[in-house]
Amino acid sequence: MLAELTGVTKAYDAAGNTPTSVLRGIDLAIDAGETLAIEGRSGSGKSTLLNILGTLDRATSGRYVLDGRDVTTLDDDAIAAVRAETIGFVFQLHHLLPQLDVLENVLLPTLATTVPGDAEARARALLERVGLADRIHHRPGQLSGGECQRAAVVRALINEPKLVLADEPTGSLDRENAESLAALLTELNRENGTALVVVTHAPDLARRIGRTIELRDGVLVAR
Ligand code: ADP
Ligand code: MG
């Protein structure tokens, strides 16, 4: 088992008002190497759930065990260290830094942790794998949306994470680029044995994924 949520709830405090209960008891187990799609209406709590899985946010109650460690008991520094070595993120917008070139951007996560091997060699190989070999020294502003998103996928993989979390990764792309990014994400996941959890509405992406669950009224239902 790579990641396991047990009885996880999340309520957001609205200053002075009744807290909004978004997650109401999530039980979810993710195996090493598996692919999982999370669907649900806008506002159903998909990003909230992904942020908890990514340790970017904490559950209000419940337990989260990631890679054998109960992160609910760890302090923020310890969680940041676990996150840096275990998790890669892809967001709807690429969040590349505009003043850095592609190679520098994809190497950023390696500054936060000790990664085995030659990170720059791995970055160059991965950038070639995703078709960006001749864009390595371009800045994000000189690339198309699809190219930026492919660079963001390389950045997510650079520390050889066990888990990649992608929040509507094709949401900002046109159909053709969305299709190729969906193929890329799932192929790289298979090649590297990385687990992939993806929030998506895109049928192109969802049909490549092993298991789909839906978030409805704060709980998960099988699809
Ligand atoms: P989804 O990704 O499925 O669209 P979100 O997880 O972003 O849903 O949001 C779920 C609910 O939680 C929404 O009603 C949203 O307004 C609320 N919410 C999300 N983040 C916060 C926050 N930081 N503070 C207060 N409410 C929030
Ligand atoms: Mg969302």
# chains A, B, ... in the order shown; residues from 1 in each chain; ligands from 1
$ residues_near_ligand --ligand "ligand 2" --cutoff "7 Å" --atoms "only C-alpha atoms and all ligand atoms" --output "number ranges by chain"
A: 42-43, 45-47, 167
$ residues_near_ligand --ligand "ligand 1" --cutoff "12 Å" --atoms "only C-alpha atoms and all ligand atoms" --output "number ranges by chain"
A: 9-15, 17-24, 38-52, 56-58, 91-92, 166-168, 198-201, 214-219
$ closest_residue --among "A:Glu179, A:Val197, A:Leu127, A:Leu2" --to "Ile213 of chain A" --atoms "only C-alpha atoms"
A:Val197
$ atom_distance --atom1 "atom CA of Pro109 of chain A" --atom2 "atom CA of Asp76 of chain A"
17.4 Å
$ closest_residue --among "A:Met1, A:Cys148, A:Ala156, A:Leu66" --to "Asn177 of chain A" --atoms "only C-alpha atoms"
A:Cys148
$ select_by_dssp --residues "chain A" --states "alpha helix (DSSP H)" --output "number ranges by chain"
A: 46-53, 76-86, 102-107, 119-129, 145-157, 175-192, 203-206
$ atom_distance --atom1 "atom CA of Leu107 of chain A" --atom2 "atom CA of Arg122 of chain A"
9.6 Å
$ residues_around --residues "segment 78-83 of chain A" --least-positions-apart "4" --cutoff "8 Å" --atoms "only C-alpha atoms" --output "list in words"
Gly54, Thr55, Val71, Leu74, Ile87, Ala112 and Thr113 of chain A
$ write_last_selection --atoms "N, CA, C and O atoms" --output "compact mmCIF listing (two decimals), in the first residue's frame"
# COMPACT_ATOMS: atom_id res chain seq x y z
N GLY A 54 -1.51 15.11 -1.31
CA GLY A 54 -0.21 15.69 -1.61
C GLY A 54 0.47 16.32 -0.40
O GLY A 54 1.55 16.90 -0.53
N THR A 55 -0.17 16.26 0.76
CA THR A 55 0.31 16.85 2.01
C THR A 55 0.49 18.37 1.91
O THR A 55 1.22 18.97 2.67
N VAL A 71 1.44 10.63 8.26
CA VAL A 71 1.77 12.05 8.13
C VAL A 71 0.92 12.93 9.04
O VAL A 71 1.28 14.08 9.30
N LEU A 74 3.14 14.04 11.83
CA LEU A 74 4.42 14.71 11.54
C LEU A 74 4.28 16.23 11.58
O LEU A 74 3.20 16.77 11.28
N ILE A 87 6.39 12.70 -3.74
CA ILE A 87 5.26 13.15 -4.55
C ILE A 87 5.68 14.13 -5.64
O ILE A 87 6.52 15.00 -5.42
N ALA A 112 15.09 20.65 -3.31
CA ALA A 112 14.41 20.48 -2.03
C ALA A 112 14.71 19.15 -1.36
O ALA A 112 14.30 18.91 -0.24
N THR A 113 15.44 18.27 -2.04
CA THR A 113 15.68 16.95 -1.47
C THR A 113 16.93 16.36 -2.10
O THR A 113 17.46 16.89 -3.08
$ closest_atom_pairs --of "segment 146-220 of chain A" --to "segment 116-120 of chain A" --cutoff "12 Å" --atoms "only C-alpha atoms" --output "tab-separated table"
residue	atom	partner	partner_atom	distance
A:Val154	CA	A:Ala119	CA	11.5
A:Arg155	CA	A:Ala119	CA	10.9
A:Leu157	CA	A:Ala119	CA	10.7
A:Ile158	CA	A:Ala119	CA	7.1
A:Asn159	CA	A:Ala119	CA	7.9
A:Glu160	CA	A:Pro116	CA	9.1
A:Pro161	CA	A:Pro116	CA	11.7
$ select_by_dssp --residues "chain A" --states "strand (DSSP E)" --output "VMD selection string"
chain A and resid 3 to 12 20 to 30 35 to 39 61 to 66 69 to 70 87 to 90 163 to 167 195 to 199 211 to 216 219 to 222
$ atom_distance --atom1 "atom CA of Asp27 of chain A" --atom2 "atom CA of Arg223 of chain A"
15.3 Å
